[in-house]
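Colleague: What follows is the file target.txt, containing compact mmCIF, N, CA and C atoms:
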```txt
# COMPACT_ATOMS: atom_id res chain seq x y z
N MET A 5 -7.08 6.66 -2.86
CA MET A 5 -6.73 7.83 -3.62
C MET A 5 -5.79 7.43 -4.77
N SER A 6 -5.88 8.17 -5.83
CA SER A 6 -5.02 7.90 -6.98
C SER A 6 -3.65 8.56 -6.78
N GLY A 7 -2.69 8.15 -7.57
CA GLY A 7 -1.34 8.67 -7.48
C GLY A 7 -1.19 10.02 -8.17
N ALA A 8 0.02 10.47 -8.28
CA ALA A 8 0.32 11.75 -8.91
C ALA A 8 0.03 11.69 -10.41
N VAL A 9 -0.33 12.84 -10.96
CA VAL A 9 -0.62 12.95 -12.40
C VAL A 9 0.60 13.54 -13.09
N ASN A 10 1.05 12.88 -14.15
CA ASN A 10 2.18 13.36 -14.92
C ASN A 10 1.65 14.31 -16.01
N PHE A 11 1.69 15.61 -15.73
CA PHE A 11 1.14 16.59 -16.66
C PHE A 11 1.91 16.62 -17.98
N GLN A 12 3.19 16.33 -17.94
CA GLN A 12 3.99 16.34 -19.17
C GLN A 12 3.45 15.32 -20.18
N LEU A 13 2.99 14.19 -19.67
CA LEU A 13 2.47 13.14 -20.56
C LEU A 13 0.98 13.31 -20.86
N LEU A 14 0.23 13.88 -19.93
CA LEU A 14 -1.23 13.88 -20.04
C LEU A 14 -1.86 15.24 -20.33
N HIS A 15 -1.06 16.30 -20.48
CA HIS A 15 -1.65 17.64 -20.60
C HIS A 15 -2.58 17.77 -21.82
N LYS A 16 -2.25 17.16 -22.93
CA LYS A 16 -3.09 17.30 -24.12
C LYS A 16 -4.43 16.59 -23.95
N SER A 17 -4.42 15.40 -23.40
CA SER A 17 -5.68 14.68 -23.21
C SER A 17 -6.53 15.36 -22.14
N MET A 18 -5.89 15.94 -21.13
CA MET A 18 -6.64 16.66 -20.09
C MET A 18 -7.25 17.94 -20.66
N ALA A 19 -6.52 18.66 -21.48
CA ALA A 19 -7.04 19.88 -22.10
C ALA A 19 -8.18 19.54 -23.06
N LYS A 20 -8.03 18.48 -23.82
CA LYS A 20 -9.09 18.05 -24.75
C LYS A 20 -10.36 17.70 -23.99
N HIS A 21 -10.21 17.00 -22.88
CA HIS A 21 -11.37 16.65 -22.06
C HIS A 21 -12.02 17.91 -21.47
N CYS A 22 -11.21 18.85 -21.04
CA CYS A 22 -11.73 20.12 -20.50
C CYS A 22 -12.55 20.87 -21.54
N VAL A 23 -12.06 20.94 -22.76
CA VAL A 23 -12.77 21.61 -23.85
C VAL A 23 -14.12 20.92 -24.10
N LYS A 24 -14.11 19.60 -24.12
CA LYS A 24 -15.33 18.83 -24.36
C LYS A 24 -16.37 19.07 -23.26
N VAL A 25 -15.94 19.03 -22.01
CA VAL A 25 -16.84 19.25 -20.88
C VAL A 25 -17.44 20.66 -20.92
N LEU A 26 -16.60 21.65 -21.18
CA LEU A 26 -17.08 23.03 -21.21
C LEU A 26 -17.98 23.29 -22.42
N ALA A 27 -17.65 22.71 -23.56
CA ALA A 27 -18.45 22.92 -24.77
C ALA A 27 -19.84 22.32 -24.63
N HIS A 28 -19.96 21.23 -23.90
CA HIS A 28 -21.26 20.58 -23.73
C HIS A 28 -21.99 21.06 -22.48
N ARG A 29 -21.43 22.10 -21.85
CA ARG A 29 -22.01 22.72 -20.66
C ARG A 29 -22.30 21.70 -19.56
N ARG A 30 -21.36 20.81 -19.33
CA ARG A 30 -21.49 19.80 -18.28
C ARG A 30 -20.75 20.20 -17.01
N PHE A 31 -20.49 21.46 -16.88
CA PHE A 31 -19.69 21.94 -15.77
C PHE A 31 -20.21 23.32 -15.38
N ARG A 32 -20.34 23.55 -14.09
CA ARG A 32 -20.73 24.86 -13.59
C ARG A 32 -19.77 25.26 -12.50
N MET A 33 -19.49 26.58 -12.44
CA MET A 33 -18.57 27.09 -11.44
C MET A 33 -19.19 28.33 -10.80
N HIS A 34 -19.04 28.45 -9.52
CA HIS A 34 -19.58 29.60 -8.80
C HIS A 34 -18.88 30.87 -9.30
N PRO A 35 -19.65 31.94 -9.52
CA PRO A 35 -19.08 33.20 -10.05
C PRO A 35 -17.98 33.81 -9.19
N LYS A 36 -17.89 33.44 -7.92
CA LYS A 36 -16.83 34.03 -7.08
C LYS A 36 -15.43 33.60 -7.54
N PHE A 37 -15.34 32.56 -8.36
CA PHE A 37 -14.06 32.12 -8.89
C PHE A 37 -13.77 32.82 -10.22
N ASP A 38 -13.87 34.13 -10.19
CA ASP A 38 -13.78 34.93 -11.41
C ASP A 38 -12.43 34.81 -12.13
N LYS A 39 -11.34 34.66 -11.39
CA LYS A 39 -10.04 34.55 -12.05
C LYS A 39 -9.90 33.21 -12.78
N ILE A 40 -10.42 32.15 -12.20
CA ILE A 40 -10.37 30.85 -12.87
C ILE A 40 -11.27 30.86 -14.10
N ILE A 41 -12.43 31.48 -14.00
CA ILE A 41 -13.34 31.59 -15.14
C ILE A 41 -12.68 32.37 -16.26
N THR A 42 -12.02 33.48 -15.93
CA THR A 42 -11.30 34.27 -16.92
C THR A 42 -10.18 33.44 -17.55
N SER A 43 -9.49 32.68 -16.72
CA SER A 43 -8.42 31.82 -17.22
C SER A 43 -8.95 30.81 -18.23
N LEU A 44 -10.07 30.18 -17.94
CA LEU A 44 -10.66 29.21 -18.86
C LEU A 44 -11.12 29.88 -20.16
N LYS A 45 -11.71 31.05 -20.04
CA LYS A 45 -12.20 31.76 -21.24
C LYS A 45 -11.08 32.28 -22.12
N SER A 46 -9.94 32.60 -21.52
CA SER A 46 -8.86 33.20 -22.29
C SER A 46 -7.79 32.21 -22.72
N ALA A 47 -7.94 30.96 -22.36
CA ALA A 47 -6.91 29.96 -22.69
C ALA A 47 -6.74 29.84 -24.20
N MET A 48 -5.51 29.92 -24.63
CA MET A 48 -5.16 29.80 -26.05
C MET A 48 -4.16 28.66 -26.20
N THR A 49 -4.22 28.00 -27.36
CA THR A 49 -3.29 26.90 -27.60
C THR A 49 -2.19 27.33 -28.56
N LYS A 50 -1.11 26.58 -28.53
CA LYS A 50 -0.01 26.79 -29.48
C LYS A 50 -0.42 26.16 -30.80
N ASP A 51 0.47 26.19 -31.77
CA ASP A 51 0.18 25.60 -33.08
C ASP A 51 -0.18 24.13 -32.97
N GLU A 52 0.51 23.42 -32.07
CA GLU A 52 0.18 22.02 -31.89
C GLU A 52 -1.12 21.90 -31.08
N GLU A 53 -1.88 20.92 -31.34
CA GLU A 53 -3.20 20.76 -30.77
C GLU A 53 -3.17 20.57 -29.25
N TYR A 54 -4.00 21.34 -28.54
CA TYR A 54 -4.23 21.23 -27.10
C TYR A 54 -2.99 21.44 -26.24
N SER A 55 -2.09 22.29 -26.66
CA SER A 55 -0.94 22.65 -25.84
C SER A 55 -1.09 24.13 -25.46
N LEU A 56 -1.24 24.42 -24.20
CA LEU A 56 -1.53 25.77 -23.72
C LEU A 56 -0.40 26.74 -24.06
N ASP A 57 -0.76 27.89 -24.63
CA ASP A 57 0.19 28.96 -24.91
C ASP A 57 0.07 29.96 -23.76
N LYS A 58 0.93 29.84 -22.79
CA LYS A 58 0.85 30.65 -21.58
C LYS A 58 1.05 32.14 -21.85
N SER A 59 1.78 32.48 -22.90
CA SER A 59 2.02 33.90 -23.18
C SER A 59 0.77 34.61 -23.69
N LYS A 60 -0.22 33.87 -24.17
CA LYS A 60 -1.45 34.46 -24.71
C LYS A 60 -2.66 34.24 -23.80
N SER A 61 -2.47 33.61 -22.67
CA SER A 61 -3.58 33.27 -21.77
C SER A 61 -3.49 34.06 -20.48
N THR A 62 -4.63 34.52 -19.99
CA THR A 62 -4.70 35.28 -18.74
C THR A 62 -4.79 34.31 -17.55
N PHE A 63 -4.11 34.64 -16.47
CA PHE A 63 -4.10 33.79 -15.26
C PHE A 63 -3.76 32.34 -15.62
N ASN A 64 -2.73 32.16 -16.45
CA ASN A 64 -2.41 30.83 -16.96
C ASN A 64 -2.00 29.84 -15.87
N ASP A 65 -1.47 30.31 -14.76
CA ASP A 65 -1.09 29.39 -13.69
C ASP A 65 -2.32 28.80 -13.00
N LEU A 66 -3.42 29.52 -13.00
CA LEU A 66 -4.66 28.97 -12.44
C LEU A 66 -5.22 27.87 -13.32
N PHE A 67 -5.07 28.02 -14.62
CA PHE A 67 -5.56 27.00 -15.53
C PHE A 67 -4.78 25.71 -15.38
N ASP A 68 -3.49 25.83 -15.11
CA ASP A 68 -2.67 24.63 -14.90
C ASP A 68 -3.22 23.85 -13.74
```
In structure tokens, what does this structure look like?
Modeller:
Amino acid sequence: MSGAVNFQLLHKSMAKHCVKVLAHRRFRMHPKFDKIITSLKSAMTKDEEYSLDKSKSTFNDLFD
């Protein structure tokens, strides 16, 4: 198993990868996870690239 992930250092690259995967439709999620789906659809970034703006995103803790 891999070690812990440092989100402070890796959050931008992880968000960028998430956008790429979702944009190319390489990911499917069961509809019963409706809150996570809403979280992904409503995620907004701050002025700086790929930094989540939690005040503008729904269910932002699920996206984390």
Colleague: Using Å and a single decimal, report how far atom N of Met33 in chain A sits from CA of Ser61 in chain A.
Modeller: 19.6 Å
Colleague: Taking into account all atoms listed in the file, which residue in the set A:Phe11, A:Phe63, A:Arg32, A:Ser17 is nearest to Ala47 in chain A?
Modeller: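 Using all atoms listed in the file, the shortest distance to Ala47 in chain A belongs to A:Phe63.
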Colleague: As an exercise, work out the distance from atom C of Thr42 in chain A to atom N of Ala8 in chain A in Å and give it to one decimal place.
Modeller: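 So the two atoms, atom C of Thr42 in chain A and atom N of Ala8 in chain A, lie 26.8 Å apart.
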Colleague: Nearest to Lys16 in chain A: which of A:Met48, A:Ser55, A:Asp38, A:Arg30 is it, counting only N, CA and C atoms?
Modeller: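 Smallest distance to Lys16 in chain A is found for A:Ser55.
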